[in-house]
file structure.cif (mmCIF, C-alpha atoms)
data_model
loop_
_atom_site.group_PDB
_atom_site.id
_atom_site.type_symbol
_atom_site.label_atom_id
_atom_site.label_comp_id
_atom_site.auth_asym_id
_atom_site.auth_seq_id
_atom_site.Cartn_x
_atom_site.Cartn_y
_atom_site.Cartn_z
ATOM 1 C CA MET P 1 160.860 133.171 45.469
ATOM 2 C CA ASN P 2 160.242 130.635 48.206
ATOM 3 C CA ILE P 3 163.625 128.929 48.612
ATOM 4 C CA ALA P 4 161.850 125.808 49.903
ATOM 5 C CA LEU P 5 160.654 125.153 46.339
ATOM 6 C CA THR P 6 164.225 124.444 45.227
ATOM 7 C CA VAL P 7 165.478 122.280 48.109
ATOM 8 C CA ARG P 8 165.584 118.597 47.215
ATOM 9 C CA PRO P 9 164.209 116.395 50.006
ATOM 10 C CA ALA P 10 166.680 114.415 52.091
ATOM 11 C CA ALA P 11 166.459 110.622 52.114
ATOM 12 C CA ASP P 12 164.731 110.661 55.522
ATOM 13 C CA GLU P 13 161.837 112.741 54.150
ATOM 14 C CA PHE P 14 160.178 109.851 52.296
ATOM 15 C CA ALA P 15 159.963 106.063 52.370
ATOM 16 C CA PRO P 16 162.766 104.167 50.609
ATOM 17 C CA PHE P 17 160.182 102.913 48.091
ATOM 18 C CA TYR P 18 160.073 106.426 46.614
ATOM 19 C CA ALA P 19 163.840 106.953 46.337
ATOM 20 C CA SER P 20 163.966 106.254 42.597
ATOM 21 C CA TYR P 21 161.054 108.632 41.977
ATOM 22 C CA VAL P 22 162.723 111.466 43.888
ATOM 23 C CA ALA P 23 166.107 110.758 42.279
ATOM 24 C CA SER P 24 164.604 111.073 38.788
ATOM 25 C CA VAL P 25 163.405 114.643 39.391
ATOM 26 C CA PRO P 26 165.864 117.255 38.118
ATOM 27 C CA ASN P 27 167.256 119.876 40.454
ATOM 28 C CA GLY P 28 165.468 123.188 40.461
ATOM 29 C CA GLU P 29 162.176 124.686 41.485
ATOM 30 C CA ILE P 30 159.692 121.837 41.921
ATOM 31 C CA THR P 31 156.701 123.897 40.780
ATOM 32 C CA ARG P 32 158.495 124.778 37.560
ATOM 33 C CA THR P 33 159.351 121.107 37.053
ATOM 34 C CA LEU P 34 155.750 120.040 37.619
ATOM 35 C CA SER P 35 154.413 122.762 35.335
ATOM 36 C CA GLN P 36 156.780 121.945 32.475
ATOM 37 C CA GLN P 37 156.256 118.223 32.943
ATOM 38 C CA GLY P 38 152.478 118.608 32.795
ATOM 39 C CA GLU P 39 152.585 120.752 29.657
ATOM 40 C CA ALA P 40 154.922 118.331 27.891
ATOM 41 C CA PHE P 41 152.858 115.308 28.926
ATOM 42 C CA LEU P 42 149.670 116.849 27.542
ATOM 43 C CA ALA P 43 151.364 117.945 24.316
ATOM 44 C CA ARG P 44 152.669 114.443 23.661
ATOM 45 C CA LEU P 45 149.432 112.606 24.350
ATOM 46 C CA LYS P 46 146.890 114.988 22.794
ATOM 47 C CA ASN P 47 147.399 113.611 19.274
ATOM 48 C CA LEU P 48 146.834 109.963 20.172
ATOM 49 C CA SER P 49 143.823 108.322 18.628
ATOM 50 C CA GLU P 50 141.223 106.684 20.838
ATOM 51 C CA GLU P 51 142.516 103.339 19.580
ATOM 52 C CA GLN P 52 146.070 104.189 20.652
ATOM 53 C CA ALA P 53 144.808 105.439 24.022
ATOM 54 C CA ALA P 54 142.938 102.162 24.584
ATOM 55 C CA PHE P 55 146.126 100.134 24.008
ATOM 56 C CA ALA P 56 147.624 98.010 26.789
ATOM 57 C CA TYR P 57 151.016 96.459 26.113
ATOM 58 C CA ALA P 58 150.075 93.079 27.641
ATOM 59 C CA PRO P 59 146.994 91.273 28.926
ATOM 60 C CA GLY P 60 146.071 92.466 32.398
ATOM 61 C CA LYS P 61 148.031 95.709 32.046
ATOM 62 C CA TRP P 62 146.425 99.122 32.105
ATOM 63 C CA SER P 63 145.567 100.957 28.919
ATOM 64 C CA VAL P 64 147.152 104.325 28.180
ATOM 65 C CA LYS P 65 143.929 105.954 29.396
ATOM 66 C CA GLU P 66 144.143 104.023 32.641
ATOM 67 C CA VAL P 67 147.769 105.049 33.145
ATOM 68 C CA VAL P 68 146.751 108.698 32.740
ATOM 69 C CA CYS P 69 143.958 108.149 35.272
ATOM 70 C CA HIS P 70 146.351 106.456 37.694
ATOM 71 C CA ILE P 71 148.776 109.373 37.510
ATOM 72 C CA MET P 72 145.864 111.706 38.371
ATOM 73 C CA ASP P 73 144.589 109.501 41.203
ATOM 74 C CA ALA P 74 148.035 109.313 42.767
ATOM 75 C CA GLU P 75 148.646 113.041 42.338
ATOM 76 C CA ARG P 76 145.354 113.839 44.034
ATOM 77 C CA ILE P 77 146.332 111.629 46.942
ATOM 78 C CA PHE P 78 149.811 113.174 47.150
ATOM 79 C CA ALA P 79 148.237 116.651 47.076
ATOM 80 C CA TYR P 80 145.758 115.698 49.805
ATOM 81 C CA ARG P 81 148.645 114.514 51.927
ATOM 82 C CA ILE P 82 150.514 117.761 51.192
ATOM 83 C CA LEU P 83 147.478 119.747 52.318
ATOM 84 C CA ARG P 84 146.955 117.780 55.525
ATOM 85 C CA ILE P 85 150.597 117.642 56.554
ATOM 86 C CA GLY P 86 151.319 121.179 55.360
ATOM 87 C CA ARG P 87 148.535 122.494 57.572
ATOM 88 C CA GLY P 88 149.983 120.677 60.579
ATOM 89 C CA ASP P 89 147.563 117.754 60.734
ATOM 90 C CA VAL P 90 149.364 114.865 62.445
ATOM 91 C CA THR P 91 146.664 112.243 61.787
ATOM 92 C CA PRO P 92 148.246 109.206 60.093
ATOM 93 C CA LEU P 93 147.050 108.982 56.495
ATOM 94 C CA ALA P 94 146.055 105.672 54.944
ATOM 95 C CA SER P 95 147.657 104.064 51.928
ATOM 96 C CA PHE P 96 145.691 103.359 48.768
ATOM 97 C CA ASP P 97 145.488 100.414 46.413
ATOM 98 C CA GLU P 98 145.808 101.707 42.860
ATOM 99 C CA ASN P 99 144.735 98.337 41.469
ATOM 100 C CA ALA P 100 141.450 98.535 43.374
ATOM 101 C CA TYR P 101 140.874 102.121 42.192
ATOM 102 C CA MET P 102 141.249 101.432 38.493
ATOM 103 C CA PRO P 103 138.146 99.316 37.785
ATOM 104 C CA ALA P 104 136.008 101.892 39.593
ATOM 105 C CA SER P 105 137.541 104.802 37.648
ATOM 106 C CA GLY P 106 135.799 104.113 34.340
ATOM 107 C CA ALA P 107 138.912 105.453 32.600
ATOM 108 C CA LYS P 108 138.842 102.960 29.758
ATOM 109 C CA ASP P 109 135.358 104.132 28.776
ATOM 110 C CA ARG P 110 136.207 107.842 28.797
ATOM 111 C CA ALA P 111 137.419 109.961 25.906
ATOM 112 C CA LEU P 112 141.131 110.703 25.941
ATOM 113 C CA ASP P 113 140.417 114.431 25.558
ATOM 114 C CA ALA P 114 138.337 114.348 28.744
ATOM 115 C CA LEU P 115 141.078 112.550 30.658
ATOM 116 C CA LEU P 116 143.715 114.995 29.459
ATOM 117 C CA GLY P 117 141.520 117.947 30.416
ATOM 118 C CA GLU P 118 141.115 116.452 33.854
ATOM 119 C CA PHE P 119 144.868 115.870 34.092
ATOM 120 C CA ALA P 120 145.452 119.568 33.326
ATOM 121 C CA ALA P 121 142.993 120.547 36.075
ATOM 122 C CA VAL P 122 144.550 118.194 38.622
ATOM 123 C CA ARG P 123 148.050 119.441 37.845
ATOM 124 C CA ALA P 124 146.886 123.078 38.051
ATOM 125 C CA ALA P 125 145.327 122.393 41.462
ATOM 126 C CA THR P 126 148.516 120.726 42.703
ATOM 127 C CA LEU P 127 150.577 123.691 41.540
ATOM 128 C CA ALA P 128 148.212 126.196 43.155
ATOM 129 C CA LEU P 129 148.467 124.327 46.457
ATOM 130 C CA LEU P 130 152.255 124.101 46.353
ATOM 131 C CA ARG P 131 152.664 127.758 45.418
ATOM 132 C CA CYS P 132 150.553 128.957 48.352
ATOM 133 C CA LEU P 133 152.333 126.947 51.034
ATOM 134 C CA PRO P 134 154.293 129.017 53.517
ATOM 135 C CA GLU P 135 157.984 128.167 53.649
ATOM 136 C CA ALA P 136 157.614 126.518 57.069
ATOM 137 C CA ALA P 137 155.119 123.998 55.667
ATOM 138 C CA TRP P 138 157.664 122.424 53.329
ATOM 139 C CA THR P 139 159.571 120.712 56.126
ATOM 140 C CA ARG P 140 156.527 119.584 58.095
ATOM 141 C CA ARG P 141 156.301 115.844 58.447
ATOM 142 C CA GLY P 142 153.481 113.429 58.867
ATOM 143 C CA THR P 143 152.708 109.779 58.386
ATOM 144 C CA ALA P 144 151.309 108.339 55.165
ATOM 145 C CA SER P 145 151.065 104.631 54.398
ATOM 146 C CA GLY P 146 152.734 103.952 57.749
ATOM 147 C CA LYS P 147 155.889 105.906 56.814
ATOM 148 C CA GLU P 148 157.116 109.353 57.735
ATOM 149 C CA VAL P 149 157.056 111.852 54.880
ATOM 150 C CA SER P 150 157.578 115.591 54.503
ATOM 151 C CA VAL P 151 155.575 117.995 52.399
ATOM 152 C CA ARG P 152 158.717 118.581 50.330
ATOM 153 C CA GLY P 153 159.140 114.834 49.876
ATOM 154 C CA LEU P 154 155.555 114.528 48.647
ATOM 155 C CA ALA P 155 156.048 117.265 46.048
ATOM 156 C CA TRP P 156 159.092 115.490 44.619
ATOM 157 C CA ILE P 157 157.326 112.120 44.825
ATOM 158 C CA ALA P 158 154.421 113.502 42.758
ATOM 159 C CA ALA P 159 156.811 114.668 40.038
ATOM 160 C CA GLY P 160 158.868 111.474 40.127
ATOM 161 C CA HIS P 161 155.786 109.256 40.059
ATOM 162 C CA ALA P 162 154.549 110.942 36.888
ATOM 163 C CA MET P 163 158.051 110.647 35.362
ATOM 164 C CA HIS P 164 158.095 106.943 36.220
ATOM 165 C CA HIS P 165 154.867 106.378 34.307
ATOM 166 C CA GLU P 166 156.014 108.539 31.407
ATOM 167 C CA ARG P 167 159.020 106.205 31.091
ATOM 168 C CA ILE P 168 156.709 103.193 31.078
ATOM 169 C CA LEU P 169 154.554 104.815 28.373
ATOM 170 C CA ARG P 170 157.698 105.395 26.274
ATOM 171 C CA GLU P 171 159.338 102.028 26.829
ATOM 172 C CA ARG P 172 156.456 99.554 27.055
ATOM 173 C CA TYR P 173 153.728 101.348 25.145
ATOM 174 C CA ARG P 174 156.146 102.835 22.575
ATOM 175 C CA LEU P 175 154.578 106.277 22.934
ATOM 176 C CA PRO P 176 156.417 109.555 22.345
ATOM 177 C CA VAL P 177 156.045 110.687 25.969
#
call {"tool": "encode", "arguments": {"input": "structure.cif", "output": "structure tokens"}}
result
Amino acid sequence: MNIALTVRPAADEFAPFYASYVASVPNGEITRTLSQQGEAFLARLKNLSEEQAAFAYAPGKWSVKEVVCHIMDAERIFAYRILRIGRGDVTPLASFDENAYMPASGAKDRALDALLGEFAAVRAATLALLRCLPEAAWTRRGTASGKEVSVRGLAWIAAGHAMHHERILRERYRLPV
């Protein structure tokens, strides 16, 4: 086993904004965490009706479908950053505005089953990328959103970001996530 998969990132491997995300991720192999998290997430949402998936807990807030889409968008961006930085690319990577992405996503008009299938594919691609990284790549650092970040930090951020939104789905949307 690649020992780098189990080493929690240090506080200097990600921007302070992400500290709560990283802190929420349990100790252990990050690919196992991401795999189990993805399976559980899909299992909990697959029985929602389209009406439940279209629910937003307040005016102007995203629907459940849009939250699922946002988790995928962010994970794709985190994975892209992992790829670039892991391969030694030192080009600073731009930030993204999730609120600008959402209207263009069409998520609210898609079937929940389609979104969940896409989520499974995105998570599988993230896992495949992480599992093929050489050990040396995990500590490589680059710049994303104007802040220094390591590949390892990005892996934990991806898991913690999804956990953050799962908590919101439980607490604000009253879903069994």
call {"tool": "resolve_selection", "arguments": {"input": "structure.cif", "expression": "the PyMOL selection byres ((chain P and resi 98) around 9)", "output": "list in words"}}
result
His70, Asp73, Ala74, Phe96, Asp97, Asn99, Ala100, Tyr101 and Met102 of chain P
call {"tool": "resolve_selection", "arguments": {"input": "structure.cif", "expression": "the PyMOL selection byres ((chain P and resi 48-52) around 8)", "output": "list in words"}}
result
Leu45, Lys46, Asn47, Ala53, Ala54, Phe55, Val64, Ala111 and Leu112 of chain P
call {"tool": "resolve_selection", "arguments": {"input": "structure.cif", "expression": "the PyMOL selection byres ((chain P and resi 118) around 12)", "output": "list in words"}}
result
Gly38, Leu42, Lys65, Val68, Cys69, His70, Ile71, Met72, Asp73, Glu75, Arg76, Ala107, Arg110, Ala111, Leu112, Asp113, Ala114, Leu115, Leu116, Gly117, Phe119, Ala120, Ala121, Val122, Arg123, Ala124 and Ala125 of chain P
call {"tool": "axis_aligned_box", "arguments": {"input": "structure.cif", "around": "segment 116-122 of chain P", "padding_each_side": "6 Å", "output": "AutoDock Vina command-line options"}}
result
--center_x 143.3 --center_y 117.8 --center_z 34.0 --size_x 16.3 --size_y 17.6 --size_z 21.2
call {"tool": "atom_distance", "arguments": {"input": "structure.cif", "atom1": "atom CA of Ser150 of chain P", "atom2": "atom CA of Glu13 of chain P"}}
result
5.1 Å
call {"tool": "atom_distance", "arguments": {"input": "structure.cif", "atom1": "atom CA of Pro103 of chain P", "atom2": "atom CA of Ser63 of chain P"}}
result
11.7 Å
call {"tool": "closest_residue", "arguments": {"input": "structure.cif", "among": "P:Tyr80, P:Thr139, P:Asp89, P:Glu66", "to": "Ala104 of chain P", "atoms": "all atoms listed in the file"}}
result
P:Glu66
call {"tool": "atom_distance", "arguments": {"input": "structure.cif", "atom1": "atom CA of Ser145 of chain P", "atom2": "atom CA of Ala15 of chain P"}}
result
9.2 Å
call {"tool": "closest_atom_pairs", "arguments": {"input": "structure.cif", "of": "segment 79-155 of chain P", "to": "segment 27-30 of chain P", "cutoff": "10 Å", "atoms": "all atoms listed in the file", "output": "CSV"}}
result
residue,atom,partner,partner_atom,distance
P:Leu127,CA,P:Ile30,CA,9.3
P:Leu130,CA,P:Ile30,CA,8.9
P:Arg131,CA,P:Ile30,CA,9.8
P:Arg152,CA,P:Ile30,CA,9.1
P:Ala155,CA,P:Ile30,CA,7.2
call {"tool": "closest_residue", "arguments": {"input": "structure.cif", "among": "P:Arg172, P:Lys108, P:Arg141, P:Arg32", "to": "Phe14 of chain P", "atoms": "all atoms listed in the file"}}
result
P:Arg141
call {"tool": "closest_residue", "arguments": {"input": "structure.cif", "among": "P:Ala137, P:Trp62, P:Ala56, P:Val67", "to": "Ile82 of chain P", "atoms": "only C-alpha atoms"}}
result
P:Ala137
call {"tool": "residues_around", "arguments": {"input": "structure.cif", "residues": "segment 173-176 of chain P", "least_positions_apart": "2", "cutoff": "7 Å", "atoms": "only C-alpha atoms", "output": "MDAnalysis selection string"}}
result
chainID P and resid 44 57 168:171
call {"tool": "write_last_selection", "arguments": {"input": "structure.cif", "atoms": "C-alpha atoms", "output": "mmCIF file, keeping the file's coordinate frame"}}
result
data_model
loop_
_atom_site.group_PDB
_atom_site.id
_atom_site.type_symbol
_atom_site.label_atom_id
_atom_site.label_comp_id
_atom_site.auth_asym_id
_atom_site.auth_seq_id
_atom_site.Cartn_x
_atom_site.Cartn_y
_atom_site.Cartn_z
ATOM 1 C CA ARG P 44 152.669 114.443 23.661
ATOM 2 C CA TYR P 57 151.016 96.459 26.113
ATOM 3 C CA ILE P 168 156.709 103.193 31.078
ATOM 4 C CA LEU P 169 154.554 104.815 28.373
ATOM 5 C CA ARG P 170 157.698 105.395 26.274
ATOM 6 C CA GLU P 171 159.338 102.028 26.829
#
call {"tool": "build_atoms", "arguments": {"input": "structure.cif", "residues": "segment 94-122 of chain P", "atoms": "N, CA and C atoms", "output": "PDB file, keeping the file's coordinate frame"}}
result
ATOM      1  N   ALA P  94     146.090 107.044  55.465  1.00  0.00           N
ATOM      2  CA  ALA P  94     146.055 105.672  54.944  1.00  0.00           C
ATOM      3  C   ALA P  94     146.738 105.568  53.584  1.00  0.00           C
ATOM      4  N   SER P  95     147.130 104.360  53.263  1.00  0.00           N
ATOM      5  CA  SER P  95     147.657 104.064  51.928  1.00  0.00           C
ATOM      6  C   SER P  95     146.465 103.875  50.987  1.00  0.00           C
ATOM      7  N   PHE P  96     146.756 103.637  49.719  1.00  0.00           N
ATOM      8  CA  PHE P  96     145.691 103.359  48.768  1.00  0.00           C
ATOM      9  C   PHE P  96     146.158 102.249  47.842  1.00  0.00           C
ATOM     10  N   ASP P  97     145.198 101.527  47.306  1.00  0.00           N
ATOM     11  CA  ASP P  97     145.488 100.414  46.413  1.00  0.00           C
ATOM     12  C   ASP P  97     145.085 100.827  45.000  1.00  0.00           C
ATOM     13  N   GLU P  98     146.082 101.222  44.221  1.00  0.00           N
ATOM     14  CA  GLU P  98     145.808 101.707  42.860  1.00  0.00           C
ATOM     15  C   GLU P  98     145.119 100.654  41.998  1.00  0.00           C
ATOM     16  N   ASN P  99     145.369  99.393  42.265  1.00  0.00           N
ATOM     17  CA  ASN P  99     144.735  98.337  41.469  1.00  0.00           C
ATOM     18  C   ASN P  99     143.242  98.205  41.795  1.00  0.00           C
ATOM     19  N   ALA P 100     142.864  98.543  43.010  1.00  0.00           N
ATOM     20  CA  ALA P 100     141.450  98.535  43.374  1.00  0.00           C
ATOM     21  C   ALA P 100     140.744  99.777  42.824  1.00  0.00           C
ATOM     22  N   TYR P 101     141.466 100.884  42.704  1.00  0.00           N
ATOM     23  CA  TYR P 101     140.874 102.121  42.192  1.00  0.00           C
ATOM     24  C   TYR P 101     140.525 102.018  40.709  1.00  0.00           C
ATOM     25  N   MET P 102     141.372 101.358  39.947  1.00  0.00           N
ATOM     26  CA  MET P 102     141.249 101.432  38.493  1.00  0.00           C
ATOM     27  C   MET P 102     139.915 100.924  37.949  1.00  0.00           C
ATOM     28  N   PRO P 103     139.428  99.757  38.354  1.00  0.00           N
ATOM     29  CA  PRO P 103     138.146  99.316  37.785  1.00  0.00           C
ATOM     30  C   PRO P 103     137.004 100.293  38.078  1.00  0.00           C
ATOM     31  N   ALA P 104     137.057 100.953  39.217  1.00  0.00           N
ATOM     32  CA  ALA P 104     136.008 101.892  39.593  1.00  0.00           C
ATOM     33  C   ALA P 104     136.150 103.249  38.900  1.00  0.00           C
ATOM     34  N   SER P 105     137.281 103.494  38.259  1.00  0.00           N
ATOM     35  CA  SER P 105     137.541 104.802  37.648  1.00  0.00           C
ATOM     36  C   SER P 105     136.761 105.033  36.360  1.00  0.00           C
ATOM     37  N   GLY P 106     136.464 103.966  35.633  1.00  0.00           N
ATOM     38  CA  GLY P 106     135.799 104.113  34.340  1.00  0.00           C
ATOM     39  C   GLY P 106     136.690 104.727  33.274  1.00  0.00           C
ATOM     40  N   ALA P 107     137.982 104.783  33.519  1.00  0.00           N
ATOM     41  CA  ALA P 107     138.912 105.453  32.600  1.00  0.00           C
ATOM     42  C   ALA P 107     138.876 104.865  31.196  1.00  0.00           C
ATOM     43  N   LYS P 108     138.773 103.556  31.093  1.00  0.00           N
ATOM     44  CA  LYS P 108     138.842 102.960  29.758  1.00  0.00           C
ATOM     45  C   LYS P 108     137.642 103.315  28.887  1.00  0.00           C
ATOM     46  N   ASP P 109     136.559 103.764  29.523  1.00  0.00           N
ATOM     47  CA  ASP P 109     135.358 104.132  28.776  1.00  0.00           C
ATOM     48  C   ASP P 109     135.248 105.636  28.521  1.00  0.00           C
ATOM     49  N   ARG P 110     136.234 106.387  28.968  1.00  0.00           N
ATOM     50  CA  ARG P 110     136.207 107.842  28.797  1.00  0.00           C
ATOM     51  C   ARG P 110     136.998 108.253  27.564  1.00  0.00           C
ATOM     52  N   ALA P 111     136.673 109.412  27.035  1.00  0.00           N
ATOM     53  CA  ALA P 111     137.419 109.961  25.906  1.00  0.00           C
ATOM     54  C   ALA P 111     138.776 110.452  26.394  1.00  0.00           C
ATOM     55  N   LEU P 112     139.795 110.252  25.580  1.00  0.00           N
ATOM     56  CA  LEU P 112     141.131 110.703  25.941  1.00  0.00           C
ATOM     57  C   LEU P 112     141.147 112.203  26.198  1.00  0.00           C
ATOM     58  N   ASP P 113     140.460 112.976  25.365  1.00  0.00           N
ATOM     59  CA  ASP P 113     140.417 114.431  25.558  1.00  0.00           C
ATOM     60  C   ASP P 113     139.906 114.788  26.954  1.00  0.00           C
ATOM     61  N   ALA P 114     138.895 114.083  27.415  1.00  0.00           N
ATOM     62  CA  ALA P 114     138.337 114.348  28.744  1.00  0.00           C
ATOM     63  C   ALA P 114     139.358 114.031  29.832  1.00  0.00           C
ATOM     64  N   LEU P 115     140.045 112.920  29.674  1.00  0.00           N
ATOM     65  CA  LEU P 115     141.078 112.550  30.658  1.00  0.00           C
ATOM     66  C   LEU P 115     142.213 113.566  30.676  1.00  0.00           C
ATOM     67  N   LEU P 116     142.627 114.022  29.515  1.00  0.00           N
ATOM     68  CA  LEU P 116     143.715 114.995  29.459  1.00  0.00           C
ATOM     69  C   LEU P 116     143.284 116.343  30.032  1.00  0.00           C
ATOM     70  N   GLY P 117     142.034 116.727  29.801  1.00  0.00           N
ATOM     71  CA  GLY P 117     141.520 117.947  30.416  1.00  0.00           C
ATOM     72  C   GLY P 117     141.497 117.847  31.929  1.00  0.00           C
ATOM     73  N   GLU P 118     141.118 116.683  32.412  1.00  0.00           N
ATOM     74  CA  GLU P 118     141.115 116.452  33.854  1.00  0.00           C
ATOM     75  C   GLU P 118     142.540 116.462  34.396  1.00  0.00           C
ATOM     76  N   PHE P 119     143.462 115.847  33.669  1.00  0.00           N
ATOM     77  CA  PHE P 119     144.868 115.870  34.092  1.00  0.00           C
ATOM     78  C   PHE P 119     145.355 117.310  34.242  1.00  0.00           C
ATOM     79  N   ALA P 120     145.035 118.154  33.271  1.00  0.00           N
ATOM     80  CA  ALA P 120     145.452 119.568  33.326  1.00  0.00           C
ATOM     81  C   ALA P 120     144.880 120.244  34.571  1.00  0.00           C
ATOM     82  N   ALA P 121     143.626 119.950  34.896  1.00  0.00           N
ATOM     83  CA  ALA P 121     142.993 120.547  36.075  1.00  0.00           C
ATOM     84  C   ALA P 121     143.634 120.049  37.368  1.00  0.00           C
ATOM     85  N   VAL P 122     143.913 118.760  37.431  1.00  0.00           N
ATOM     86  CA  VAL P 122     144.550 118.194  38.622  1.00  0.00           C
ATOM     87  C   VAL P 122     145.941 118.804  38.815  1.00  0.00           C
TER      88      VAL P 122
END
